[in-house]
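**Student:** Next up is a structure, given as structure tokens.
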Amino acid sequence: MAPRNTNPKPKLIPIELDYDKDSIETVTHSRRVTSADGVQESTYKKVPILETTATPLQILDFFEAFESARRVLQWTTGPKLFAVFPTHLHGTFLRYWNRQVRDAEETVDDFDEQTTAFCHTLLRGGDYDEQMDYMRTLRKPPQLTPSEFSHRFDALEDTLPYLPNAPDPDDCGFSEVDRPRLFYNAMPATMIAKTTMAMVV
């Protein structure tokens with residue numbers, strides 16, 4: 001049996017939130033579309049501000065939130081992306097970014113390359129394969145319900161493409177075969193026994 005693992009090494013991203021989401025300052029972005037008959041519809045997305053005290057999990061959550069806003073609000077040009085991104089950075093992180101993109105071309109491809117490199121700089125010491133190994137040995141913490149654990153596991157898996165040494169996003173994460181098995185193995189033995197007994201009865 002694999003050793004029970006609820007607390008990761010410092011360079012790994014934990015299954016449980018290690019920061020207070022409610023205390024994080026955000027920027028609200030919007031997109032307004034007018035239909036052919038003159039009706040206006042607005043879409044809003046909040047993206048957190050990334051402070052220099054951010055944990056690795058917080059950094060990954062930020063990049064995922066930014067990518068979500070990018071898709072929903074249709075930020076499709078290089079100049080727009082390069083203009084919006086630094087509005088979410090403070091202090092040292094903002095200085096890192098400004099120095100890195102000083103001679104950048106404001107294209108979408110260059111933005112993707114720059115943000116990937118920037119993310120890897122902030123997560124220096126992290127590693128995709130080590131994170132996958134950690135997730136394979138995860139056990140549900142007592143304070144999380146099975147549904148909460150499943151939600152956190154899925155959210156953690158969504159961040160894998162941002163880690164250093166990650167493969168192509170389509171190849172990141174676990175297979176449809178592995179995922180249920182990992183969830184089953186993460187449950188406490190007493191919970192598995194109760195479920196088995198209920199199925200027998």
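As shown in the structure tokens, the chain order sets the letters A, B, ...; within each chain, residues go from 1, and ligands are also counted from 1 in the order they appear.
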So that I can check the surroundings of segment 94-98 of chain A, please list as a ChimeraX atom specification every protein, DNA and RNA residue that reaches within 9 Å of it, counting only C-alpha atoms and ignoring chain neighbours fewer than 6 positions away.
**Tutor:** /A:52,86-88,114-115,118
**Student:** From a DSSP pass on the backbone, collect the residues of segment 16-129 of chain A flagged as helix (DSSP H, G or I) and hand them back as a count of residues only.
**Tutor:** 58
**Student:** Can you measure atom CA of Ala65 of chain A to atom CA of Leu160 of chain A for me? One decimal in Å is fine.
**Tutor:**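 Interatomic distance here is 13.9 Å.
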**Student:** For Pro48 of chain A, work out the shell of residues within 7 Å, counting only C-alpha atoms and skipping chain neighbours fewer than 2 positions away, then give it as number ranges by chain.
**Tutor:** A: 24-27, 46, 50, 62, 88
**Student:** Skipping near chain neighbours, those fewer than 5 positions away, what residues fall within 9 Å of Ser30 of chain A using only C-alpha atoms, listed as a PDB file with all heavy atoms, in the first residue's frame?
**Tutor:**
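Dumped to part.pdb:
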ATOM      1  N   SER A  42     -23.588  42.293 -21.704  1.00  0.00           N
ATOM      2  CA  SER A  42     -22.255  42.468 -21.114  1.00  0.00           C
ATOM      3  C   SER A  42     -21.842  41.209 -20.375  1.00  0.00           C
ATOM      4  O   SER A  42     -22.661  40.571 -19.703  1.00  0.00           O
ATOM      5  CB  SER A  42     -22.245  43.664 -20.159  1.00  0.00           C
ATOM      6  OG  SER A  42     -22.507  44.872 -20.860  1.00  0.00           O
ATOM      7  N   THR A  43     -20.586  40.866 -20.512  1.00  0.00           N
ATOM      8  CA  THR A  43     -19.994  39.727 -19.808  1.00  0.00           C
ATOM      9  C   THR A  43     -18.888  40.241 -18.911  1.00  0.00           C
ATOM     10  O   THR A  43     -18.092  41.092 -19.319  1.00  0.00           O
ATOM     11  CB  THR A  43     -19.421  38.705 -20.804  1.00  0.00           C
ATOM     12  OG1 THR A  43     -20.449  38.275 -21.690  1.00  0.00           O
ATOM     13  CG2 THR A  43     -18.852  37.491 -20.076  1.00  0.00           C
ATOM     14  N   TYR A  44     -18.845  39.733 -17.686  1.00  0.00           N
ATOM     15  CA  TYR A  44     -17.855  40.198 -16.719  1.00  0.00           C
ATOM     16  C   TYR A  44     -17.019  39.015 -16.213  1.00  0.00           C
ATOM     17  O   TYR A  44     -17.539  37.912 -16.023  1.00  0.00           O
ATOM     18  CB  TYR A  44     -18.541  40.869 -15.523  1.00  0.00           C
ATOM     19  CG  TYR A  44     -19.363  42.078 -15.889  1.00  0.00           C
ATOM     20  CD1 TYR A  44     -20.717  41.949 -16.213  1.00  0.00           C
ATOM     21  CD2 TYR A  44     -18.800  43.349 -15.930  1.00  0.00           C
ATOM     22  CE1 TYR A  44     -21.476  43.061 -16.555  1.00  0.00           C
ATOM     23  CE2 TYR A  44     -19.548  44.466 -16.267  1.00  0.00           C
ATOM     24  CZ  TYR A  44     -20.888  44.313 -16.584  1.00  0.00           C
ATOM     25  OH  TYR A  44     -21.640  45.408 -16.929  1.00  0.00           O
ATOM     26  N   LYS A  45     -15.743  39.268 -16.017  1.00  0.00           N
ATOM     27  CA  LYS A  45     -14.851  38.272 -15.433  1.00  0.00           C
ATOM     28  C   LYS A  45     -13.916  38.959 -14.444  1.00  0.00           C
ATOM     29  O   LYS A  45     -13.367  40.020 -14.728  1.00  0.00           O
ATOM     30  CB  LYS A  45     -14.006  37.587 -16.511  1.00  0.00           C
ATOM     31  CG  LYS A  45     -14.780  36.647 -17.415  1.00  0.00           C
ATOM     32  CD  LYS A  45     -15.197  35.372 -16.692  1.00  0.00           C
ATOM     33  CE  LYS A  45     -14.019  34.457 -16.462  1.00  0.00           C
ATOM     34  NZ  LYS A  45     -14.420  33.152 -15.898  1.00  0.00           N
ATOM     35  N   LYS A  46     -13.757  38.335 -13.283  1.00  0.00           N
ATOM     36  CA  LYS A  46     -12.821  38.839 -12.285  1.00  0.00           C
ATOM     37  C   LYS A  46     -11.521  38.047 -12.350  1.00  0.00           C
ATOM     38  O   LYS A  46     -11.531  36.820 -12.418  1.00  0.00           O
ATOM     39  CB  LYS A  46     -13.416  38.724 -10.886  1.00  0.00           C
ATOM     40  CG  LYS A  46     -14.554  39.688 -10.603  1.00  0.00           C
ATOM     41  CD  LYS A  46     -15.003  39.579  -9.154  1.00  0.00           C
ATOM     42  CE  LYS A  46     -16.095  40.609  -8.848  1.00  0.00           C
ATOM     43  NZ  LYS A  46     -16.528  40.523  -7.427  1.00  0.00           N
ATOM     44  N   LEU A  73     -13.694  36.716 -22.693  1.00  0.00           N
ATOM     45  CA  LEU A  73     -13.774  38.113 -23.128  1.00  0.00           C
ATOM     46  C   LEU A  73     -13.141  38.338 -24.494  1.00  0.00           C
ATOM     47  O   LEU A  73     -13.124  39.463 -24.993  1.00  0.00           O
ATOM     48  CB  LEU A  73     -13.120  39.016 -22.083  1.00  0.00           C
ATOM     49  CG  LEU A  73     -13.729  38.909 -20.673  1.00  0.00           C
ATOM     50  CD1 LEU A  73     -12.997  39.828 -19.705  1.00  0.00           C
ATOM     51  CD2 LEU A  73     -15.216  39.239 -20.692  1.00  0.00           C
TER      52      LEU A  73
END
**Student:** Of the residues A:Pro188, A:Pro146, A:Gly126, A:Gly91, which is the one nearest to Asn165 of chain A, using only C-alpha atoms?
**Tutor:** A:Gly126
**Student:** Ranking A:Ile15, A:Ala104, A:Leu138, A:Leu156 by minimum distance to Glu64 of chain A and counting only C-alpha atoms, which one comes first?
**Tutor:**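 That would be A:Leu156, the residue with the smallest distance to Glu64 of chain A.
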**Student:** Do you have the atom CA of Pro164 of chain A-atom CA of Tyr184 of chain A distance handy?
**Tutor:**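 According to the coordinates, atom CA of Pro164 of chain A and atom CA of Tyr184 of chain A are separated by 28.2 Å.
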**Student:** List the spatial neighbours of Asp109 of chain A as a list in words - criterion: any atom at most 12 Å away, only C-alpha atoms, same-chain residues fewer than 6 positions off excluded.
**Tutor:** Thr76, Thr77, Gly78, Pro79, Leu81, Phe82, Thr115 and Thr116 of chain A
**Student:** Quick one: pull the distance between atom CA of Asp178 of chain A and atom CA of Thr190 of chain A, Å, one decimal.
**Tutor:** 21.9 Å
**Student:** Using only C-alpha atoms for the distances, tell me which of A:Thr55, A:Asp61, A:Glu130, A:Lys11 is nearest to Thr159 of chain A.
**Tutor:**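 Of all the options, A:Asp61 lies closest to Thr159 of chain A.
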**Student:** Residues near Leu57 of chain A, anyone? I mean within 8 Å using only C-alpha atoms, not counting same-chain ones fewer than 3 positions away, as JSON, numbers by chain.
**Tutor:** {"A": [13, 14, 17, 18, 54, 60, 61]}
**Student:** Print the selection's residues with all heavy atoms to a file, as a compact mmCIF listing (two decimals), in the first residue's frame.
**Tutor:**
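Listed below is the output, part08.txt:
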# COMPACT_ATOMS: atom_id res chain seq x y z
N ILE A 13 2.39 21.48 -5.19
CA ILE A 13 1.18 22.27 -5.04
C ILE A 13 0.19 21.45 -4.22
O ILE A 13 -0.17 20.34 -4.61
CB ILE A 13 0.57 22.62 -6.41
CG1 ILE A 13 1.64 23.12 -7.37
CG2 ILE A 13 -0.55 23.64 -6.24
CD1 ILE A 13 2.41 24.33 -6.88
N PRO A 14 -0.28 21.96 -3.09
CA PRO A 14 -1.13 21.17 -2.19
C PRO A 14 -2.55 20.99 -2.72
O PRO A 14 -3.04 21.77 -3.53
CB PRO A 14 -1.13 21.99 -0.90
CG PRO A 14 -0.96 23.41 -1.37
CD PRO A 14 -0.03 23.32 -2.55
N LEU A 17 -6.47 24.49 -0.29
CA LEU A 17 -6.13 25.89 -0.47
C LEU A 17 -5.20 26.34 0.65
O LEU A 17 -5.46 26.09 1.83
CB LEU A 17 -7.40 26.75 -0.46
CG LEU A 17 -8.27 26.74 -1.71
CD1 LEU A 17 -9.51 27.58 -1.49
CD2 LEU A 17 -7.50 27.26 -2.91
N ASP A 18 -4.13 27.03 0.28
CA ASP A 18 -3.20 27.54 1.28
C ASP A 18 -3.20 29.07 1.30
O ASP A 18 -2.24 29.69 1.73
CB ASP A 18 -1.78 27.00 1.04
CG ASP A 18 -1.26 27.33 -0.36
OD1 ASP A 18 -1.99 27.99 -1.13
OD2 ASP A 18 -0.13 26.91 -0.69
N ALA A 54 2.37 35.68 -3.03
CA ALA A 54 1.51 34.59 -3.48
C ALA A 54 2.18 33.23 -3.33
O ALA A 54 3.38 33.07 -3.57
CB ALA A 54 1.11 34.81 -4.94
N LEU A 60 -0.67 29.63 -9.71
CA LEU A 60 -1.30 28.80 -10.73
C LEU A 60 -2.77 29.17 -10.91
O LEU A 60 -3.28 29.21 -12.04
CB LEU A 60 -1.17 27.33 -10.35
CG LEU A 60 0.23 26.74 -10.49
CD1 LEU A 60 0.30 25.36 -9.86
CD2 LEU A 60 0.64 26.67 -11.95
N ASP A 61 -3.45 29.44 -9.81
CA ASP A 61 -4.86 29.85 -9.89
C ASP A 61 -4.99 31.17 -10.66
O ASP A 61 -5.95 31.38 -11.41
CB ASP A 61 -5.46 30.00 -8.50
CG ASP A 61 -5.78 28.65 -7.85
OD1 ASP A 61 -5.75 27.63 -8.57
OD2 ASP A 61 -6.04 28.62 -6.64
**Student:** Near Pro169 of chain A, counting only C-alpha atoms, which residues have an atom at most 12 Å away, once you skip same-chain residues fewer than 3 positions from it, shown as a list in words?
**Tutor:** Tyr128, Glu157, Asp158, Thr159, Leu160, Pro161, Tyr162, Leu163, Asn165, Ala166, Cys172, Gly173 and Phe174 of chain A
**Student:** Restricted to all heavy atoms, what would the selected residues look like written as an mmCIF file, in the first residue's frame?
**Tutor:**
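And here's out-v4.cif as it stands now:
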data_model
loop_
_atom_site.group_PDB
_atom_site.id
_atom_site.type_symbol
_atom_site.label_atom_id
_atom_site.label_comp_id
_atom_site.auth_asym_id
_atom_site.auth_seq_id
_atom_site.Cartn_x
_atom_site.Cartn_y
_atom_site.Cartn_z
ATOM 1 N N TYR A 128 6.524 19.155 -13.195
ATOM 2 C CA TYR A 128 5.310 18.449 -13.602
ATOM 3 C C TYR A 128 5.303 17.002 -13.120
ATOM 4 O O TYR A 128 4.315 16.528 -12.538
ATOM 5 C CB TYR A 128 5.178 18.498 -15.124
ATOM 6 C CG TYR A 128 4.074 17.631 -15.683
ATOM 7 C CD1 TYR A 128 2.762 18.098 -15.724
ATOM 8 C CD2 TYR A 128 4.343 16.351 -16.165
ATOM 9 C CE1 TYR A 128 1.739 17.298 -16.238
ATOM 10 C CE2 TYR A 128 3.332 15.548 -16.679
ATOM 11 C CZ TYR A 128 2.033 16.025 -16.710
ATOM 12 O OH TYR A 128 1.028 15.214 -17.204
ATOM 13 N N GLU A 157 -5.573 19.408 -11.069
ATOM 14 C CA GLU A 157 -5.187 18.820 -12.360
ATOM 15 C C GLU A 157 -5.236 19.868 -13.467
ATOM 16 O O GLU A 157 -4.411 19.834 -14.397
ATOM 17 C CB GLU A 157 -6.109 17.647 -12.694
ATOM 18 C CG GLU A 157 -5.649 16.844 -13.885
ATOM 19 C CD GLU A 157 -6.495 15.605 -14.117
ATOM 20 O OE1 GLU A 157 -7.578 15.476 -13.520
ATOM 21 O OE2 GLU A 157 -6.072 14.762 -14.935
ATOM 22 N N ASP A 158 -6.168 20.808 -13.365
ATOM 23 C CA ASP A 158 -6.278 21.861 -14.381
ATOM 24 C C ASP A 158 -5.048 22.762 -14.423
ATOM 25 O O ASP A 158 -4.792 23.427 -15.433
ATOM 26 C CB ASP A 158 -7.521 22.717 -14.121
ATOM 27 C CG ASP A 158 -8.811 21.991 -14.461
ATOM 28 O OD1 ASP A 158 -8.755 20.995 -15.208
ATOM 29 O OD2 ASP A 158 -9.874 22.408 -13.953
ATOM 30 N N THR A 159 -4.296 22.819 -13.312
ATOM 31 C CA THR A 159 -3.120 23.691 -13.261
ATOM 32 C C THR A 159 -1.861 23.021 -13.810
ATOM 33 O O THR A 159 -0.848 23.697 -14.008
ATOM 34 C CB THR A 159 -2.825 24.142 -11.811
ATOM 35 O OG1 THR A 159 -2.428 23.013 -11.015
ATOM 36 C CG2 THR A 159 -4.052 24.794 -11.172
ATOM 37 N N LEU A 160 -1.911 21.732 -14.054
ATOM 38 C CA LEU A 160 -0.707 20.997 -14.460
ATOM 39 C C LEU A 160 -0.017 21.556 -15.697
ATOM 40 O O LEU A 160 1.221 21.579 -15.749
ATOM 41 C CB LEU A 160 -1.053 19.513 -14.675
ATOM 42 C CG LEU A 160 -1.366 18.704 -13.414
ATOM 43 C CD1 LEU A 160 -1.870 17.315 -13.793
ATOM 44 C CD2 LEU A 160 -0.152 18.597 -12.516
ATOM 45 N N PRO A 161 -0.749 22.006 -16.727
ATOM 46 C CA PRO A 161 -0.056 22.508 -17.923
ATOM 47 C C PRO A 161 0.836 23.716 -17.671
ATOM 48 O O PRO A 161 1.712 24.019 -18.496
ATOM 49 C CB PRO A 161 -1.209 22.882 -18.870
ATOM 50 C CG PRO A 161 -2.354 22.038 -18.424
ATOM 51 C CD PRO A 161 -2.209 21.957 -16.931
ATOM 52 N N TYR A 162 0.651 24.411 -16.545
ATOM 53 C CA TYR A 162 1.438 25.609 -16.265
ATOM 54 C C TYR A 162 2.763 25.292 -15.567
ATOM 55 O O TYR A 162 3.607 26.178 -15.420
ATOM 56 C CB TYR A 162 0.628 26.570 -15.383
ATOM 57 C CG TYR A 162 -0.656 27.033 -16.010
ATOM 58 C CD1 TYR A 162 -1.866 26.447 -15.661
ATOM 59 C CD2 TYR A 162 -0.672 28.037 -16.979
ATOM 60 C CE1 TYR A 162 -3.058 26.851 -16.248
ATOM 61 C CE2 TYR A 162 -1.859 28.453 -17.570
ATOM 62 C CZ TYR A 162 -3.043 27.849 -17.195
ATOM 63 O OH TYR A 162 -4.222 28.254 -17.774
ATOM 64 N N LEU A 163 2.956 24.050 -15.134
ATOM 65 C CA LEU A 163 4.155 23.706 -14.386
ATOM 66 C C LEU A 163 5.371 23.531 -15.292
ATOM 67 O O LEU A 163 5.235 23.143 -16.456
ATOM 68 C CB LEU A 163 3.928 22.407 -13.603
ATOM 69 C CG LEU A 163 2.966 22.492 -12.424
ATOM 70 C CD1 LEU A 163 2.712 21.098 -11.852
ATOM 71 C CD2 LEU A 163 3.525 23.409 -11.343
ATOM 72 N N ASN A 165 8.347 21.868 -17.169
ATOM 73 C CA ASN A 165 8.538 20.532 -17.741
ATOM 74 C C ASN A 165 7.231 19.827 -18.086
ATOM 75 O O ASN A 165 7.228 18.605 -18.319
ATOM 76 C CB ASN A 165 9.370 19.632 -16.809
ATOM 77 C CG ASN A 165 10.732 20.221 -16.501
ATOM 78 O OD1 ASN A 165 11.389 20.767 -17.380
ATOM 79 N ND2 ASN A 165 11.150 20.139 -15.242
ATOM 80 N N ALA A 166 6.123 20.572 -18.126
ATOM 81 C CA ALA A 166 4.851 19.960 -18.504
ATOM 82 C C ALA A 166 4.839 19.660 -20.006
ATOM 83 O O ALA A 166 5.389 20.420 -20.797
ATOM 84 C CB ALA A 166 3.691 20.882 -18.152
ATOM 85 N N CYS A 172 -1.397 16.477 -20.761
ATOM 86 C CA CYS A 172 -1.245 16.675 -19.324
ATOM 87 C C CYS A 172 -2.339 15.946 -18.549
ATOM 88 O O CYS A 172 -3.451 15.761 -19.032
ATOM 89 C CB CYS A 172 -1.306 18.164 -18.970
ATOM 90 S SG CYS A 172 0.204 19.070 -19.317
ATOM 91 N N GLY A 173 -1.999 15.579 -17.320
ATOM 92 C CA GLY A 173 -3.008 15.024 -16.429
ATOM 93 C C GLY A 173 -3.181 13.526 -16.557
ATOM 94 O O GLY A 173 -2.379 12.827 -17.186
ATOM 95 N N PHE A 174 -4.246 13.036 -15.948
ATOM 96 C CA PHE A 174 -4.504 11.604 -15.861
ATOM 97 C C PHE A 174 -5.544 11.164 -16.885
ATOM 98 O O PHE A 174 -6.378 11.955 -17.326
ATOM 99 C CB PHE A 174 -4.974 11.248 -14.444
ATOM 100 C CG PHE A 174 -3.981 11.605 -13.385
ATOM 101 C CD1 PHE A 174 -4.127 12.775 -12.642
ATOM 102 C CD2 PHE A 174 -2.895 10.793 -13.129
ATOM 103 C CE1 PHE A 174 -3.196 13.114 -11.672
ATOM 104 C CE2 PHE A 174 -1.960 11.127 -12.161
ATOM 105 C CZ PHE A 174 -2.109 12.294 -11.423
#
